[in-house]
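A quick write-up on the structure given underneath.
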Amino acid sequence: MSTGGGIPKHADLQTPLKRVRGWGSSKSGTHHFVVQRITAVALIPLVIWFVWFVLALSHADYASARQMLHNPVQALLMIVFVATTFWHAQLGLQVVIEDYVHATWLEITSQLLVKFLCIIGAVASILAVVKVMLA
Amino acid sequence: MDNTATPVLQQNQRPMSPHLGIYKWQLTMTLSILHRATGVALSVGTILLAWLLIALAAGADSYRTIHMFCISPVGLFLLAGWTWSLFFHLCNGIRHLVWDIGWGFEIPRAYATGWTVVVASFVLTILVWVLALQGGAA
C-alpha cells in the first residue's frame, strides 16, 4: 500500500546516477548509521583503556613512556584505538559538513580534506606506534 | 492526494520548520548540540594524539616539546577541555546507543539520563585530573 499517491514504485524513471545526485540514499542509506554505531560501541572500552593509558603516561618520563608502547598488547590497543577513533571522527565530521556546509564546491572540498586528513592521521599514528613497539 | 501535482506556488507557501531561536531552552537540545560540539572538538584533539605518538617515536627532544606544550597554560586549558569533551561524548554516546535499542525516550527518562550524563562527565573529569596531578608529575 502506498501513502504517497498514484505513482507506483516501478514507474521511477530516474537513473541511479540521477537518484544519487538528488542526495537520495541510492540503497546504502543505513551503512553510515550502522558503522557509526559499531565504532561507537568499540570505543566505549577503548576510551576507558585510553584514559588509563594517558593517566599512566602523565606520570612517566620519556623512557618509561616508550616502554609502555613497547608492550605488544598496549601497542595493539593503541593501534585499534587510533584507527577506530579516526574512523568515528570521519563519520561524524562528514555529517556535520553535510548539515552546515551548503556551497557545493566547499562541501566537496571539505569532505575530501577531512577524509584525507583522517587517513593520514591514522596511518601516521599507527606507524609511530609500530616503530616504538619494534624499537 | 498526489504530491507531484502540487503547484509550485503552493509549495513555496508551505509553513517552514521553526528554527532554534524560537524554542525555549531545554536540557535535551543543549546536550544534543553539545554532543556535536564535543565530537568536533575531539576530532581536533586527534591532532594532539597523533602528535604525541609521533613525538614518542621521534625521540626525547620531540617528546620534550609536546610535554612542554601540554604543561603550558594553553596546553592545560585545552587538555582540560578535551578531558571533559571526551567524558561527555562517551557518556552521552552511551545514552544515544541506549536510545538506539529503543529505551529511554519518555520525557522524564530523557531528562534523568541527560542530567546523569552532565554530572558523570564532570565527576569523571575531576577524578582524572586529581589522579593525573597526584604525585607532582605533570
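In the C-alpha cells, chains take letters A, B, ... by order of appearance, with residues numbered from 1 within each chain and ligands from 1 in the order shown.
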* Asked: If we count only C-alpha atoms, what is near B:Val119 at a cut-off of 12 Å, once residues fewer than 3 positions away on the same chain are taken out, given as number ranges by chain?
  -> B: 84, 87-88, 91-92, 112-116, 122-126
How would the residues just chosen look if you wrote them out with C-alpha atoms as a compact mmCIF listing (two decimals), in the first residue's frame?
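Final file, out25.txt:
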# COMPACT_ATOMS: atom_id res chain seq x y z
CA TRP B 84 35.55 16.91 29.66
CA PHE B 87 33.78 12.03 29.00
CA PHE B 88 30.73 13.97 27.89
CA CYS B 91 28.51 9.23 28.41
CA ASN B 92 26.10 10.93 26.04
CA ALA B 112 17.04 11.87 34.03
CA THR B 113 19.62 10.29 31.73
CA GLY B 114 20.57 13.76 30.47
CA TRP B 115 21.36 15.10 33.95
CA THR B 116 23.16 11.85 34.76
CA PHE B 122 32.16 16.48 35.38
CA VAL B 123 32.80 13.87 38.10
CA LEU B 124 34.95 11.76 35.76
CA THR B 125 36.85 14.85 34.53
CA ILE B 126 37.67 15.94 38.10
Could you produce a table of the residues of chain A lying within 6 Å of chain B, with the nearest pair of atoms per residue and their separation in Å rounded to one decimal, using only C-alpha atoms, ordered by chain and increasing residue number, as JSON lines?
{"residue": "A:Gly5", "atom": "CA", "partner": "B:Asp2", "partner_atom": "CA", "distance": 4.8}
{"residue": "A:Leu55", "atom": "CA", "partner": "B:Ala132", "partner_atom": "CA", "distance": 5.7}
{"residue": "A:Ser58", "atom": "CA", "partner": "B:Ala138", "partner_atom": "CA", "distance": 5.8}
{"residue": "A:His59", "atom": "CA", "partner": "B:Ala137", "partner_atom": "CA", "distance": 5.2}
{"residue": "A:Ala89", "atom": "CA", "partner": "B:Ser43", "partner_atom": "CA", "distance": 5.6}
{"residue": "A:Ser125", "atom": "CA", "partner": "B:Ala50", "partner_atom": "CA", "distance": 5.1}
{"residue": "A:Ala128", "atom": "CA", "partner": "B:Ile54", "partner_atom": "CA", "distance": 5.2}
{"residue": "A:Val132", "atom": "CA", "partner": "B:Ala57", "partner_atom": "CA", "distance": 5.4}
Spatial neighbours of stretch 108-111 of chain A, 10 Å, only C-alpha atoms, chain gap at least 4 places, as a PDB file with C-alpha atoms, in the first residue's frame:
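Saved the output as result_5.pdb:
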ATOM      1  CA  GLN A  90      35.475  10.998   9.939  1.00  0.00           C
ATOM      2  CA  LEU A  93      32.544  15.220  10.714  1.00  0.00           C
ATOM      3  CA  GLN A  94      31.008  14.038   7.429  1.00  0.00           C
ATOM      4  CA  VAL A  95      27.505  14.554   8.846  1.00  0.00           C
ATOM      5  CA  VAL A  96      28.406  17.918  10.370  1.00  0.00           C
ATOM      6  CA  ILE A  97      29.698  19.108   6.972  1.00  0.00           C
ATOM      7  CA  GLU A  98      26.606  17.698   5.214  1.00  0.00           C
ATOM      8  CA  VAL A 101      28.195  23.474   4.529  1.00  0.00           C
ATOM      9  CA  HIS A 102      25.880  24.249   1.651  1.00  0.00           C
ATOM     10  CA  ALA A 103      28.138  25.614  -1.112  1.00  0.00           C
ATOM     11  CA  THR A 104      28.764  22.551  -3.290  1.00  0.00           C
ATOM     12  CA  LYS A 115      38.780  12.046   4.769  1.00  0.00           C
ATOM     13  CA  PHE A 116      42.383  12.570   3.645  1.00  0.00           C
TER      14      PHE A 116
END
* **Neighbour list for A:Ala83 as a VMD selection string, cut-off 9 Å, only C-alpha atoms, skip fewer than 4 positions in-chain** => chain A and resid 78 to 79 87 to 88 119 122 to 123 125 to 126
Those residues with C-alpha atoms, as a CSV table (one decimal), in the first residue's frame please?
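The result, written out as again_16.csv:
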chain,number,residue,atom,x,y,z
A,78,MET,CA,46.7,1.9,20.8
A,79,ILE,CA,46.5,0.9,17.1
A,87,TRP,CA,37.1,6.4,11.6
A,88,HIS,CA,34.4,7.5,14.0
A,119,ILE,CA,43.6,8.6,6.9
A,122,ALA,CA,45.6,7.3,11.5
A,123,VAL,CA,48.4,5.9,9.3
A,125,SER,CA,49.9,7.4,14.3
A,126,ILE,CA,49.9,3.6,13.6
